[in-house]
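Printed here is start-v3.pdb (PDB, C-alpha atoms):
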ATOM      1  CA  MET A   3      10.705 -35.356 -68.225
ATOM      2  CA  SER A   4       9.373 -36.176 -64.813
ATOM      3  CA  PRO A   5       8.162 -33.288 -62.714
ATOM      4  CA  SER A   6      10.516 -32.100 -60.003
ATOM      5  CA  ARG A   7       9.792 -33.604 -56.658
ATOM      6  CA  LEU A   8       8.379 -31.110 -54.190
ATOM      7  CA  PRO A   9      10.278 -31.146 -50.938
ATOM      8  CA  ASN A  10       8.451 -32.531 -47.972
ATOM      9  CA  THR A  11       7.329 -29.752 -45.647
ATOM     10  CA  CYS A  12       8.454 -31.713 -42.638
ATOM     11  CA  GLU A  13      11.914 -32.002 -44.190
ATOM     12  CA  THR A  14      12.275 -28.258 -44.863
ATOM     13  CA  ILE A  15      11.005 -26.892 -41.561
ATOM     14  CA  PRO A  16      13.416 -27.540 -38.725
ATOM     15  CA  PRO A  17      11.922 -28.853 -35.501
ATOM     16  CA  THR A  18      11.113 -26.133 -32.986
ATOM     17  CA  GLY A  19      11.239 -28.324 -29.909
ATOM     18  CA  GLY A  20      14.115 -30.209 -28.467
ATOM     19  CA  ALA A  21      15.720 -30.868 -25.185
ATOM     20  CA  ALA A  22      16.563 -27.916 -23.002
ATOM     21  CA  PRO A  23      20.246 -26.974 -22.850
ATOM     22  CA  ALA A  24      22.157 -28.506 -19.994
ATOM     23  CA  SER A  25      23.120 -25.055 -18.684
ATOM     24  CA  SER A  26      19.439 -24.076 -18.406
ATOM     25  CA  THR A  27      18.628 -27.284 -16.538
ATOM     26  CA  TRP A  28      21.443 -26.765 -14.053
ATOM     27  CA  LYS A  29      20.343 -23.158 -13.585
ATOM     28  CA  ASN A  30      16.797 -24.262 -12.710
ATOM     29  CA  VAL A  31      18.158 -26.878 -10.317
ATOM     30  CA  ALA A  32      20.348 -24.258  -8.640
ATOM     31  CA  ILE A  33      17.419 -21.843  -8.282
ATOM     32  CA  GLY A  34      15.236 -24.587  -6.791
ATOM     33  CA  ALA A  35      17.956 -25.641  -4.365
ATOM     34  CA  ALA A  36      18.538 -22.016  -3.318
ATOM     35  CA  PHE A  37      14.815 -21.528  -2.722
ATOM     36  CA  LEU A  38      14.568 -24.667  -0.589
ATOM     37  CA  GLY A  39      17.641 -23.612   1.374
ATOM     38  CA  PHE A  40      16.181 -20.140   1.974
ATOM     39  CA  LEU A  41      12.824 -21.672   2.973
ATOM     40  CA  THR A  42      14.507 -23.999   5.478
ATOM     41  CA  TRP A  43      16.594 -21.174   6.923
ATOM     42  CA  SER A  44      13.522 -18.932   7.262
ATOM     43  CA  TYR A  45      11.499 -21.744   8.868
ATOM     44  CA  HIS A  46      14.068 -22.267  11.604
ATOM     45  CA  GLY A  47      14.917 -18.567  11.921
ATOM     46  CA  ALA A  48      11.261 -17.706  12.573
ATOM     47  CA  GLY A  49      11.033 -20.340  15.293
ATOM     48  CA  ILE A  50       8.023 -22.053  13.674
ATOM     49  CA  ASP A  51       6.760 -25.056  15.636
ATOM     50  CA  LEU A  52       3.787 -26.625  13.872
ATOM     51  CA  ALA A  53       3.671 -29.509  16.335
ATOM     52  CA  GLN A  54       3.086 -27.076  19.194
ATOM     53  CA  LEU A  55       0.556 -25.077  17.174
ATOM     54  CA  PHE A  56      -1.614 -28.079  16.333
ATOM     55  CA  SER A  57      -1.158 -29.881  19.641
ATOM     56  CA  ALA A  58      -4.108 -30.859  21.800
ATOM     57  CA  ASP A  59      -2.959 -28.474  24.528
ATOM     58  CA  SER A  60      -3.016 -25.497  22.133
ATOM     59  CA  PHE A  61      -6.507 -26.357  20.872
ATOM     60  CA  GLY A  62      -7.650 -26.722  24.474
ATOM     61  CA  GLN A  63      -6.323 -23.287  25.438
ATOM     62  CA  ILE A  64      -7.932 -21.691  22.383
ATOM     63  CA  LEU A  65     -11.262 -23.326  23.169
ATOM     64  CA  ILE A  66     -11.147 -22.114  26.780
ATOM     65  CA  TYR A  67     -10.435 -18.533  25.686
ATOM     66  CA  VAL A  68     -13.142 -18.565  23.001
ATOM     67  CA  LYS A  69     -15.679 -19.707  25.594
ATOM     68  CA  LYS A  70     -14.750 -16.721  27.759
ATOM     69  CA  LEU A  71     -15.610 -14.341  24.903
ATOM     70  CA  PHE A  72     -19.279 -15.364  24.813
ATOM     71  CA  PRO A  73     -21.766 -13.876  25.202
ATOM     72  CA  PRO A  74     -20.620 -10.419  24.053
ATOM     73  CA  ASP A  75     -21.173  -7.585  26.499
ATOM     74  CA  LEU A  76     -24.012  -5.516  25.024
ATOM     75  CA  SER A  77     -24.587  -3.283  28.012
ATOM     76  CA  PRO A  78     -25.287   0.392  27.202
ATOM     77  CA  LYS A  79     -21.952   1.533  28.644
ATOM     78  CA  VAL A  80     -19.914  -0.921  26.552
ATOM     79  CA  LEU A  81     -21.937  -0.196  23.409
ATOM     80  CA  HIS A  82     -21.386   3.527  23.940
ATOM     81  CA  GLU A  83     -17.629   2.992  24.237
ATOM     82  CA  ALA A  84     -17.636   0.748  21.171
ATOM     83  CA  MET A  85     -19.531   3.355  19.163
ATOM     84  CA  LYS A  86     -17.206   6.118  20.340
ATOM     85  CA  GLY A  87     -14.166   4.033  19.447
ATOM     86  CA  THR A  88     -15.634   3.189  16.042
ATOM     87  CA  ILE A  89     -16.191   6.864  15.237
ATOM     88  CA  GLU A  90     -12.655   7.691  16.387
ATOM     89  CA  THR A  91     -11.174   4.881  14.285
ATOM     90  CA  PHE A  92     -13.100   6.003  11.208
ATOM     91  CA  ALA A  93     -12.037   9.604  11.742
ATOM     92  CA  ILE A  94      -8.366   8.604  12.256
ATOM     93  CA  SER A  95      -8.297   6.594   9.038
ATOM     94  CA  PHE A  96     -10.162   9.230   7.017
ATOM     95  CA  MET A  97      -8.148  12.225   8.180
ATOM     96  CA  GLY A  98      -4.915  10.239   8.016
ATOM     97  CA  THR A  99      -5.629   9.307   4.406
ATOM     98  CA  LEU A 100      -6.434  12.920   3.509
ATOM     99  CA  LEU A 101      -3.187  14.057   5.119
ATOM    100  CA  ALA A 102      -1.358  11.363   3.157
ATOM    101  CA  VAL A 103      -2.815  12.623  -0.134
ATOM    102  CA  VAL A 104      -1.674  16.165   0.704
ATOM    103  CA  ILE A 105       1.853  14.950   1.497
ATOM    104  CA  ALA A 106       2.021  12.743  -1.600
ATOM    105  CA  LEU A 107       0.786  15.436  -3.998
ATOM    106  CA  SER A 108       3.167  18.003  -2.539
ATOM    107  CA  VAL A 109       6.170  15.767  -3.224
ATOM    108  CA  VAL A 110       5.287  13.455  -6.111
ATOM    109  CA  PHE A 111       5.688  15.989  -8.930
ATOM    110  CA  PHE A 112       9.321  16.387  -7.881
ATOM    111  CA  ALA A 113       9.746  12.591  -7.650
ATOM    112  CA  ALA A 114       8.654  11.815 -11.240
ATOM    113  CA  ARG A 115      11.615  11.988 -13.597
ATOM    114  CA  ASN A 116       9.478  12.719 -16.660
ATOM    115  CA  LEU A 117       8.196  15.890 -14.961
ATOM    116  CA  ILE A 118      11.412  17.175 -13.453
ATOM    117  CA  PHE A 119      14.365  16.504 -15.753
ATOM    118  CA  SER A 120      13.755  13.949 -18.545
ATOM    119  CA  GLY A 121      11.171  12.695 -21.009
ATOM    120  CA  LEU A 122       9.179  14.469 -23.690
ATOM    121  CA  LEU A 123       8.902  17.691 -21.704
ATOM    122  CA  TYR A 124      12.675  18.172 -21.782
ATOM    123  CA  GLU A 125      13.744  16.486 -24.997
ATOM    124  CA  MET A 126      14.634  19.833 -26.609
ATOM    125  CA  GLU A 127      17.038  20.795 -23.834
ATOM    126  CA  PRO A 128      20.791  20.116 -24.101
ATOM    127  CA  LYS A 129      21.606  16.679 -22.751
ATOM    128  CA  LEU A 130      24.336  18.016 -20.477
ATOM    129  CA  GLY A 131      22.778  21.359 -19.606
ATOM    130  CA  TRP A 132      23.399  22.663 -16.088
ATOM    131  CA  ARG A 133      19.670  23.237 -15.578
ATOM    132  CA  ARG A 134      18.921  19.574 -16.133
ATOM    133  CA  ARG A 135      21.650  18.529 -13.714
ATOM    134  CA  ALA A 136      20.346  21.012 -11.149
ATOM    135  CA  ARG A 137      16.835  19.529 -11.351
ATOM    136  CA  ILE A 138      18.200  16.113 -10.427
ATOM    137  CA  VAL A 139      18.822  17.430  -6.892
ATOM    138  CA  PRO A 140      15.126  18.011  -5.971
ATOM    139  CA  TYR A 141      14.279  14.717  -7.696
ATOM    140  CA  LEU A 142      16.693  12.767  -5.500
ATOM    141  CA  ALA A 143      15.578  14.704  -2.421
ATOM    142  CA  ALA A 144      11.895  13.934  -3.102
ATOM    143  CA  LYS A 145      12.595  10.237  -3.731
ATOM    144  CA  SER A 146      14.642  10.013  -0.528
ATOM    145  CA  LEU A 147      11.918  11.721   1.500
ATOM    146  CA  LEU A 148       9.255   9.311   0.222
ATOM    147  CA  ASN A 149      11.520   6.358   0.989
ATOM    148  CA  ILE A 150      12.019   7.542   4.563
ATOM    149  CA  LEU A 151       8.303   8.153   5.142
ATOM    150  CA  ARG A 152       7.232   4.701   4.020
ATOM    151  CA  THR A 153      10.211   2.828   5.489
ATOM    152  CA  VAL A 154       9.276   3.677   9.084
ATOM    153  CA  PRO A 155       6.189   1.587  10.070
ATOM    154  CA  GLU A 156       2.969   3.202  11.246
ATOM    155  CA  MET A 157       3.425   1.864  14.783
ATOM    156  CA  VAL A 158       6.828   3.522  15.099
ATOM    157  CA  TRP A 159       5.481   6.811  13.739
ATOM    158  CA  ALA A 160       2.594   6.533  16.223
ATOM    159  CA  LEU A 161       5.015   6.083  19.133
ATOM    160  CA  ILE A 162       7.010   9.102  17.987
ATOM    161  CA  PHE A 163       3.933  11.303  17.677
ATOM    162  CA  VAL A 164       2.524  10.091  21.010
ATOM    163  CA  PHE A 165       5.667  11.472  22.647
ATOM    164  CA  LEU A 166       5.349  14.689  20.645
ATOM    165  CA  VAL A 167       1.623  15.513  20.936
ATOM    166  CA  GLY A 168       0.380  13.170  23.666
ATOM    167  CA  LEU A 169      -2.156  10.359  23.784
ATOM    168  CA  GLY A 170      -5.333  10.316  21.708
ATOM    169  CA  PRO A 171      -6.468  10.124  18.086
ATOM    170  CA  PHE A 172      -4.244  12.958  16.827
ATOM    171  CA  PRO A 173      -0.962  10.983  16.851
ATOM    172  CA  GLY A 174      -2.792   8.217  14.982
ATOM    173  CA  VAL A 175      -3.805  10.663  12.270
ATOM    174  CA  LEU A 176      -0.227  11.923  11.968
ATOM    175  CA  ALA A 177       1.231   8.411  11.907
ATOM    176  CA  LEU A 178      -1.112   7.194   9.177
ATOM    177  CA  GLY A 179      -0.702  10.409   7.192
ATOM    178  CA  VAL A 180       3.091  10.360   7.211
ATOM    179  CA  HIS A 181       3.535   6.660   6.410
ATOM    180  CA  THR A 182       0.741   6.482   3.847
ATOM    181  CA  GLY A 183       2.001   9.718   2.295
ATOM    182  CA  GLY A 184       5.238   7.916   1.465
ATOM    183  CA  VAL A 185       3.373   4.930   0.038
ATOM    184  CA  LEU A 186       1.005   7.006  -2.083
ATOM    185  CA  GLY A 187       3.888   9.186  -3.240
ATOM    186  CA  LYS A 188       5.657   6.126  -4.627
ATOM    187  CA  LEU A 189       2.487   4.821  -6.303
ATOM    188  CA  PHE A 190       1.562   8.219  -7.736
ATOM    189  CA  GLY A 191       5.095   8.662  -9.055
ATOM    190  CA  GLU A 192       4.973   5.352 -10.906
ATOM    191  CA  VAL A 193       1.650   6.343 -12.462
ATOM    192  CA  LEU A 194       3.059   9.693 -13.586
ATOM    193  CA  GLU A 195       6.122   8.084 -15.130
ATOM    194  CA  ASN A 196       3.972   5.691 -17.199
ATOM    195  CA  VAL A 197       1.495   8.126 -18.769
ATOM    196  CA  ASP A 198       0.608   7.829 -22.440
ATOM    197  CA  ALA A 199       2.934  10.035 -24.511
ATOM    198  CA  GLN A 200       0.485  10.713 -27.378
ATOM    199  CA  PRO A 201      -1.594  13.429 -25.632
ATOM    200  CA  ILE A 202       1.632  15.104 -24.538
ATOM    201  CA  GLU A 203       2.997  15.083 -28.097
ATOM    202  CA  ALA A 204      -0.299  16.475 -29.434
ATOM    203  CA  LEU A 205      -0.254  19.343 -26.926
ATOM    204  CA  GLN A 206       3.385  20.082 -27.702
ATOM    205  CA  ALA A 207       2.503  20.292 -31.397
ATOM    206  CA  THR A 208      -0.049  23.008 -30.599
ATOM    207  CA  GLY A 209       2.563  25.056 -28.717
ATOM    208  CA  ALA A 210       1.304  24.352 -25.192
ATOM    209  CA  ASN A 211       3.719  25.084 -22.362
ATOM    210  CA  ARG A 212       4.701  22.589 -19.671
ATOM    211  CA  LEU A 213       2.096  23.743 -17.161
ATOM    212  CA  GLN A 214      -0.688  23.392 -19.754
ATOM    213  CA  ILE A 215       0.613  19.944 -20.711
ATOM    214  CA  LEU A 216       0.560  18.947 -17.036
ATOM    215  CA  PHE A 217      -3.043  20.037 -16.458
ATOM    216  CA  TYR A 218      -4.535  18.985 -19.796
ATOM    217  CA  GLY A 219      -2.355  16.067 -20.888
ATOM    218  CA  ILE A 220      -1.117  14.352 -17.724
ATOM    219  CA  VAL A 221      -3.541  15.027 -14.871
ATOM    220  CA  PRO A 222      -6.639  13.689 -16.734
ATOM    221  CA  GLN A 223      -4.746  10.438 -17.366
ATOM    222  CA  VAL A 224      -3.526   9.879 -13.803
ATOM    223  CA  LEU A 225      -6.456  11.221 -11.754
ATOM    224  CA  PRO A 226      -8.594   8.026 -11.845
ATOM    225  CA  GLN A 227      -5.635   5.911 -10.722
ATOM    226  CA  PHE A 228      -4.743   8.433  -8.034
ATOM    227  CA  ILE A 229      -8.270   8.171  -6.623
ATOM    228  CA  SER A 230      -8.263   4.372  -6.882
ATOM    229  CA  TYR A 231      -4.960   4.064  -5.006
ATOM    230  CA  THR A 232      -6.176   6.517  -2.370
ATOM    231  CA  LEU A 233      -9.350   4.516  -1.751
ATOM    232  CA  TYR A 234      -7.381   1.296  -1.521
ATOM    233  CA  ARG A 235      -5.016   2.796   1.036
ATOM    234  CA  TRP A 236      -8.036   4.040   2.990
ATOM    235  CA  GLU A 237      -9.152   0.410   3.276
ATOM    236  CA  VAL A 238      -5.722  -0.480   4.634
ATOM    237  CA  ASN A 239      -5.699   2.485   7.013
ATOM    238  CA  ILE A 240      -9.059   1.608   8.555
ATOM    239  CA  ARG A 241      -7.496  -1.651   9.727
ATOM    240  CA  MET A 242      -4.275  -0.004  10.820
ATOM    241  CA  ALA A 243      -6.153   2.695  12.720
ATOM    242  CA  ALA A 244      -7.702  -0.045  14.847
ATOM    243  CA  VAL A 245      -4.210  -1.248  15.811
ATOM    244  CA  LEU A 246      -2.489   2.071  16.532
ATOM    245  CA  GLY A 247      -4.490   2.382  19.740
ATOM    246  CA  PHE A 248      -2.234  -0.264  21.290
ATOM    247  CA  VAL A 249       0.467   2.420  21.561
ATOM    248  CA  GLY A 250      -1.949   5.096  22.793
ATOM    249  CA  ALA A 251      -3.183   6.520  19.477
ATOM    250  CA  GLY A 252      -6.895   6.280  20.329
ATOM    251  CA  GLY A 253      -9.706   4.486  18.514
ATOM    252  CA  LEU A 254     -10.906   0.941  19.008
ATOM    253  CA  GLY A 255      -7.355  -0.325  19.400
ATOM    254  CA  GLN A 256      -6.865   1.547  22.656
ATOM    255  CA  ARG A 257     -10.081   0.108  24.053
ATOM    256  CA  ILE A 258      -9.140  -3.394  22.888
ATOM    257  CA  HIS A 259      -5.773  -3.053  24.609
ATOM    258  CA  ILE A 260      -7.513  -2.089  27.855
ATOM    259  CA  ALA A 261      -9.985  -4.978  27.554
ATOM    260  CA  ILE A 262      -7.174  -7.508  26.985
ATOM    261  CA  SER A 263      -5.063  -6.106  29.824
ATOM    262  CA  LEU A 264      -7.956  -6.238  32.317
ATOM    263  CA  PHE A 265      -9.276  -9.634  31.061
ATOM    264  CA  PHE A 266     -12.629  -8.188  29.963
ATOM    265  CA  GLU A 267     -13.132 -10.919  27.346
ATOM    266  CA  GLN A 268     -16.838 -10.236  26.709
ATOM    267  CA  GLN A 269     -16.142  -6.538  26.128
ATOM    268  CA  LEU A 270     -13.300  -7.598  23.818
ATOM    269  CA  LEU A 271     -15.710  -9.566  21.631
ATOM    270  CA  THR A 272     -18.010  -6.543  21.387
ATOM    271  CA  LEU A 273     -15.105  -4.368  20.248
ATOM    272  CA  ILE A 274     -13.994  -6.986  17.718
ATOM    273  CA  MET A 275     -17.524  -7.068  16.311
ATOM    274  CA  ALA A 276     -17.402  -3.259  15.999
ATOM    275  CA  ILE A 277     -14.136  -3.497  14.029
ATOM    276  CA  TYR A 278     -15.626  -6.118  11.742
ATOM    277  CA  ILE A 279     -18.689  -3.987  10.996
ATOM    278  CA  LEU A 280     -16.560  -0.873  10.402
ATOM    279  CA  VAL A 281     -14.047  -2.615   8.121
ATOM    280  CA  THR A 282     -16.788  -4.316   6.111
ATOM    281  CA  LEU A 283     -18.652  -1.031   5.659
ATOM    282  CA  VAL A 284     -15.523   0.825   4.511
ATOM    283  CA  ASP A 285     -14.619  -2.007   2.129
ATOM    284  CA  TYR A 286     -18.025  -1.788   0.443
ATOM    285  CA  ILE A 287     -17.880   2.016   0.221
ATOM    286  CA  SER A 288     -14.358   1.966  -1.207
ATOM    287  CA  ALA A 289     -15.144  -0.763  -3.743
ATOM    288  CA  TYR A 290     -18.262   1.117  -4.886
ATOM    289  CA  LEU A 291     -16.355   4.383  -5.315
ATOM    290  CA  ARG A 292     -13.508   2.646  -7.187
ATOM    291  CA  ARG A 293     -15.989   1.117  -9.631
ATOM    292  CA  LYS A 294     -17.494   4.554 -10.250
ATOM    293  CA  VAL A 295     -14.091   6.162 -10.807
ATOM    294  CA  MET A 296     -12.545   3.479 -13.008
TER     295      MET A 296
END
Let me see whether you can do it: turn the structure in this file into structure tokens.
Amino acid sequence: MSPSRLPNTCETIPPTGGAAPASSTWKNVAIGAAFLGFLTWSYHGAGIDLAQLFSADSFGQILIYVKKLFPPDLSPKVLHEAMKGTIETFAISFMGTLLAVVIALSVVFFAARNLIFSGLLYEMEPKLGWRRRARIVPYLAAKSLLNILRTVPEMVWALIFVFLVGLGPFPGVLALGVHTGGVLGKLFGEVLENVDAQPIEALQATGANRLQILFYGIVPQVLPQFISYTLYRWEVNIRMAAVLGFVGAGGLGQRIHIAISLFFEQQLLTLIMAIYILVTLVDYISAYLRRKVM
């Protein structure tokens, strides 16, 4: 009796490849066509004119203006103003970031659903209990507040606070603090809602209450990311602080606005160099601190 013929492996395993379904192909074509249509609409809606940008006349005007910038004005008076503006810009960004952290931390624990009405901390409560429904109200209020704070741009906040408290660095601090508070609140909330559940379960098994779980199970997990996000936003704020001066919020931006308005091109280059040095220094400090934290 002849041995039974073993089936060929290639005959028993169905092919995994194959042509893509026609519906998937048409879907990709539709997505590509929609993207190209949106790109074309945006190109014309933004009034982009590459021919004008790269024309000989444009390059000539840029070259003329660049020549006016040199040499930079390094007179003692201009250097003193640049140093004063640099210190103001640093102080605006630093204090604005600190204010933002205070605002974010005061709101974020109400804007994280796993801390206010759902998740492991509340799994033993009745699903339709009135207390749980009542806690949804502060959650929605906190989320709405953070949305409002970060929706309004820093420049608009700066204009508002200039009318409220007058010209100078203080409205810049308030503008950065309020807007960045909304941004950090959103980022902190996402971190809180994605914490590892195992430490929380372990603390619950030992009989810890919610406050103990917060301080010993959640805060140690989120603190490094909180610090990292704060340092990153400080890098962003140091640049923004140099711009808020255009609406009267002090710092280097206010001095740059004056230099542009009065056609002091050589002073303008000195102030731009001061911004570059300040931003580079803050970037290095922030990157170093983030490496230490993470």
Near Gln269 in chain A, within 12 Å and counting all atoms listed in the file, which residues show up once chain neighbours fewer than 4 positions away are dropped, as an mmCIF file with C-alpha atoms, in the coordinates of the input?
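Okay, this is what ended up in result.cif:
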data_model
loop_
_atom_site.group_PDB
_atom_site.id
_atom_site.type_symbol
_atom_site.label_atom_id
_atom_site.label_comp_id
_atom_site.auth_asym_id
_atom_site.auth_seq_id
_atom_site.Cartn_x
_atom_site.Cartn_y
_atom_site.Cartn_z
ATOM 1 C CA LYS A 70 -14.750 -16.721 27.759
ATOM 2 C CA LEU A 71 -15.610 -14.341 24.903
ATOM 3 C CA PHE A 72 -19.279 -15.364 24.813
ATOM 4 C CA PRO A 73 -21.766 -13.876 25.202
ATOM 5 C CA PRO A 74 -20.620 -10.419 24.053
ATOM 6 C CA ASP A 75 -21.173 -7.585 26.499
ATOM 7 C CA LEU A 76 -24.012 -5.516 25.024
ATOM 8 C CA SER A 77 -24.587 -3.283 28.012
ATOM 9 C CA PRO A 78 -25.287 0.392 27.202
ATOM 10 C CA LYS A 79 -21.952 1.533 28.644
ATOM 11 C CA VAL A 80 -19.914 -0.921 26.552
ATOM 12 C CA LEU A 81 -21.937 -0.196 23.409
ATOM 13 C CA HIS A 82 -21.386 3.527 23.940
ATOM 14 C CA GLU A 83 -17.629 2.992 24.237
ATOM 15 C CA ALA A 84 -17.636 0.748 21.171
ATOM 16 C CA LEU A 254 -10.906 0.941 19.008
ATOM 17 C CA ARG A 257 -10.081 0.108 24.053
ATOM 18 C CA ILE A 258 -9.140 -3.394 22.888
ATOM 19 C CA HIS A 259 -5.773 -3.053 24.609
ATOM 20 C CA ILE A 260 -7.513 -2.089 27.855
ATOM 21 C CA ALA A 261 -9.985 -4.978 27.554
ATOM 22 C CA ILE A 262 -7.174 -7.508 26.985
ATOM 23 C CA SER A 263 -5.063 -6.106 29.824
ATOM 24 C CA LEU A 264 -7.956 -6.238 32.317
ATOM 25 C CA PHE A 265 -9.276 -9.634 31.061
ATOM 26 C CA LEU A 273 -15.105 -4.368 20.248
ATOM 27 C CA ILE A 274 -13.994 -6.986 17.718
ATOM 28 C CA MET A 275 -17.524 -7.068 16.311
ATOM 29 C CA ALA A 276 -17.402 -3.259 15.999
#
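In this model, the gap between CA of Leu178 in chain A and CA of Phe190 in chain A comes to 17.2 Å.
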Taking only C-alpha atoms into account, name the residue in A:Gln227, A:Leu216, A:Leu189, A:Ser95 that is nearest to Ile118 in chain A.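 Answer, going by the shortest atom-to-atom distance: A:Leu216.
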Taking 2 positions as the minimum chain separation for residues in the same chain, which residues sit within 7 Å of Val175 in chain A when counting only C-alpha atoms? Answer as a list in words. Ile94, Ser95, Met97, Gly98, Pro171, Phe172, Pro173, Ala177, Leu178 and Gly179 of chain A
Å distance separating CA of Arg293 in chain A from CA of Pro226 in chain A, one decimal place: 10.4 Å
Taking all atoms of range 62-72 of chain A that the file lists, what box with edges along x, y and z, padded by 6 Å per side, do you get, with centre and edge lengths in Å to one decimal, as JSON?
{"center_x": -12.8, "center_y": -20.5, "center_z": 25.1, "size_x": 25.0, "size_y": 24.4, "size_z": 17.4}
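For the file at hand, the PyMOL selection byres ((chain A and resi 164) around 12) resolves to Glu156, Met157, Val158, Trp159, Ala160, Leu161, Ile162, Phe163, Phe165, Leu166, Val167, Gly168, Leu169, Gly170, Pro171, Phe172, Pro173, Gly174, Val175, Leu176, Ala177, Leu246, Gly247, Phe248, Val249, Gly250, Ala251 and Gly252 of chain A.
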Within 10 Å of (-5.3, 0.3, 9.6), in the coordinates the file gives, what residues turn up when you count only C-alpha atoms, written out as a PyMOL selection string? chain A and resi 91-92+94-95+156+174+178+235-246+281
Since I can't run it myself right now, could you work out what the PyMOL selection byres ((chain A and resi 186) around 10) selects here and report it as a ChimeraX atom specification? /A:99,102-107,110,148,152,181-185,187-192,228,231-232,235
Two-atom distance - CA of Tyr234 in chain A, CA of Ala289 in chain A (Å): 8.3 Å
Given only C-alpha atoms as the counted atoms, nearest of A:Arg135, A:Asn116, A:Arg212, A:Glu90 to Ala199 in chain A: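 Once distances to Ala199 in chain A are computed over only C-alpha atoms, the minimum belongs to A:Asn116.
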